[in-house]
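Okay, structure first, notes after.
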Amino acid sequence: MADATSPRLNLVTTPFKLKGTSLPATLMQPSTSNVGLLEAELESRLAKGSALLKAAPLVLDLSQLDQMLDLSELQEVCKRLGIQFLAVRTTDKSLQAYARKLGLMALNSLDRPATAANQEDIPRTLVHQGAVRSGQQLINEKGDLVVMGSVNPGAEVLASGQIHVYGAIRGRALAGIQGDQQARIFTLRLAAELVAIAGSYQTSYSADFVTAGDAVCIELQGEKLVCTALTQV
Amino acid sequence: MAKIIVITSGKGGVGKTTSCASLGSGLALRGYKTVMIDFDVGLRNLDLVLGCERRVVYDLVNVIQGEASLHQALIRDKRADDLFMLPASQTRDKDALTLEGVDQVIQALSIDFDYILCDSPAGIERGAQLAMYFADEAVLVTNPEVSSVRDTDRIIGLLQAKTQAAKNGGKVKEHLLLTRYNSQRVAEGEMLSLEDVQDILSVPLMGLIPESESVLKASNKGVPVIHEEGSDASIAYKDAVSRLLGEEVPLKFVEPEKTGFLNRMFGGRK
């Protein structure tokens with residue numbers, strides 16, 4: 001029988017996890033291609049303690065500049081001043097190639113991704129309108145699940161995160177299916193056939209488990225599933 | 001363009017064929033050209049309930065397989081001029097029905113008829129799925145009884161997944177027809193009430209048909225019960241037809257009848 005210490009569902013083990021993240025960066029828009037002038041200004045700002053130059057990597061925006069700017073010279077300057085020169089934003093393909101040769105990232109100014117690169121991994125909540133009918137199974141492996149209705153007998157709802165049911169749970173509800181023991185189940189009326197959190201389950205036959213009544217929250221404490229009443233406002 | 005309505009339930013024996021016959025008759029009496037198709041291949045009943053079992057020459061499978069035309073297979077009802085039925089085959093089995101065949105028959109019927117009622121067999125297998133596939137609306141026949149309610153719930157799930165409407169991003173319009181309702185037993189707490197049923201199903205109520213002896217009598221005579229003037233079931237079916245057509249009718253037969261002393265001694269249930 002599965003319990004909290006040996007969950008039925010195995011956590012997937014891989015050498016590393018990839019997640020999207022955001023990094024603040026500073027955008028520099030030069031109005032001149034004279035690296036000497038740029039250097040002087042950079043020095044003066046650094047002397048004044050510019051956080052934009054000290055604490056964040058630099059992205060050079062060349063889309064407004066008509067003249068050619070010597071990238072390798074600027075790279076040298078930045079290295080000397082301790083500025084992280086990270087990327088160049090330009091539509092000029094040859095300039096992009098040159099930037100890459102220098103070890104910089106080349107960004108196309110016109111490219112504006114519609115969704116964030118890490119959109120896939122952001123935990124999303126699945127919201128289901130209406131009741132979940134007998135025989136239907138709703139699964140969200142990447143987040144929480146909200147049901148705007150009841151879960152009927154013979155229906156199943158599963159989520160890697162929390163489960164919120166704005167109705168009665170009369171079927172089965174399984175939260176934390178990827179092993180998250182902090183996952184909870186919330187419902188307006190508990191009359192479930194089975195509830196489970198991270199593999200620990202309880203059928204409606206257990207004597208000390210709340211099986212009917214008002215709104216409750218079910219959570220895992222240690223190895224036991226515990227029911228607490230949700231207070232009415 | 002015809003409206004295609006499937007009469008389904010999941011559970012067997014709840015009153016699909018009985019209701020289909022009466023609803024079809026009711027629509028025809030209101031002047032709508034109506035055809036009823038029996039999808040219960042091998043166990044056909046719709047012809048019996050309508051009293052036209054001796055006039056069946058060709059059936060749905062014959063039409064699909066090109067052995068007969070629709071015109072030859074359709075049987076006109078004796079009591080309502082605008083009512084026709086297409087019987088199921090009794091000797092073949094349900095594998096003879098194909099999706100393409102059913103599609104063609106329904107499309108051909110859509111040209112001339114206002115309403116196409118599909119009498120579904122019990123269960124959730126092929127016969128039932130074929131009957132519901134092309135439906136625009138569904139009448140969910142349910143008894144106020146736990147197994148029936150759960151099976152209806154299951155069917156609703158299938159309507160939301162395995163129909164043409166669902167696959168095109170639309171929805172089959174659901175109507176609840178609660179049959180064999182005994183308000184006396186509900187009042188005594190022996191039977192599920194309308195509220196109990198709606199608590200689980202949450203489907204707009206189309207009609208409530210009270211338990212009535214007239215249903216069995218009519219069935220044996222081969223007359224749809226809606227024609228039994230004055231009986232509770234007939235009144236209830238007429239109300240159901242009205243609500244199906246979008247009219248608002250107050251719900252009857254929910255409360256137990258207040259009977260006098262003599263009635264309780266000598267009366268039965270009409």
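In the structure tokens, chains take the letters A, B, ... in the order shown, each chain's residues start at 1, and ligands count up from 1 in the order shown.
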Checklist entry - When the cut-off is 6 Å and we count only C-alpha atoms, which residues of chain B are near chain A, given as a PyMOL selection string? => result chain B and resi 153-154+157
Checklist entry - Using only C-alpha atoms, which residues sit within 10 Å of Gly207 of chain B once same-chain residues fewer than 4 positions away are excluded, as a PyMOL selection string? => result chain B and resi 139+141+175-179+236-244+249+251-252
Checklist entry - Leu138 of chain A: which residues within 12 Å, counting only C-alpha atoms, same-chain residues fewer than 6 positions away excluded, as a ChimeraX atom specification? => result /A:126-129,131-132,144-147,151,155-160,163,171-175 /B:157
Checklist outcome for this item: atom CA of Ala122 of chain B sits from atom CA of Lys11 of chain B at a separation of 5.7 Å
Item to check | Nearby residues (only C-alpha atoms) at most 7 Å from segment 71-84 of chain B, same-chain spacing under 3 positions excluded, as a ChimeraX atom specification | outcome: /B:24-25,28-29,31-36,57-59,68
Quick one: residues within 8 Å of Ala218 of chain B, only C-alpha atoms counted, chain neighbours fewer than 6 positions away excluded, as a short mmCIF file (atom, residue, chain, number, x, y, z; two decimals) with N, CA and C atoms, in the first residue's frame?
data_model
loop_
_atom_site.label_atom_id
_atom_site.label_comp_id
_atom_site.auth_asym_id
_atom_site.auth_seq_id
_atom_site.Cartn_x
_atom_site.Cartn_y
_atom_site.Cartn_z
N PRO B 224 -49.13 5.33 -28.19
CA PRO B 224 -48.29 6.18 -27.33
C PRO B 224 -49.15 6.80 -26.24
N VAL B 225 -48.64 6.81 -25.01
CA VAL B 225 -49.45 7.18 -23.86
C VAL B 225 -49.97 8.62 -23.93
N GLU B 228 -53.61 8.98 -24.47
CA GLU B 228 -54.58 8.58 -23.46
C GLU B 228 -55.08 9.83 -22.76
#
Item to check | Shell of 7 Å around Val172 of chain B, only C-alpha atoms, local chain residues under 5 positions omitted, as a VMD selection string | outcome: chain B and resid 135 to 138 159 165
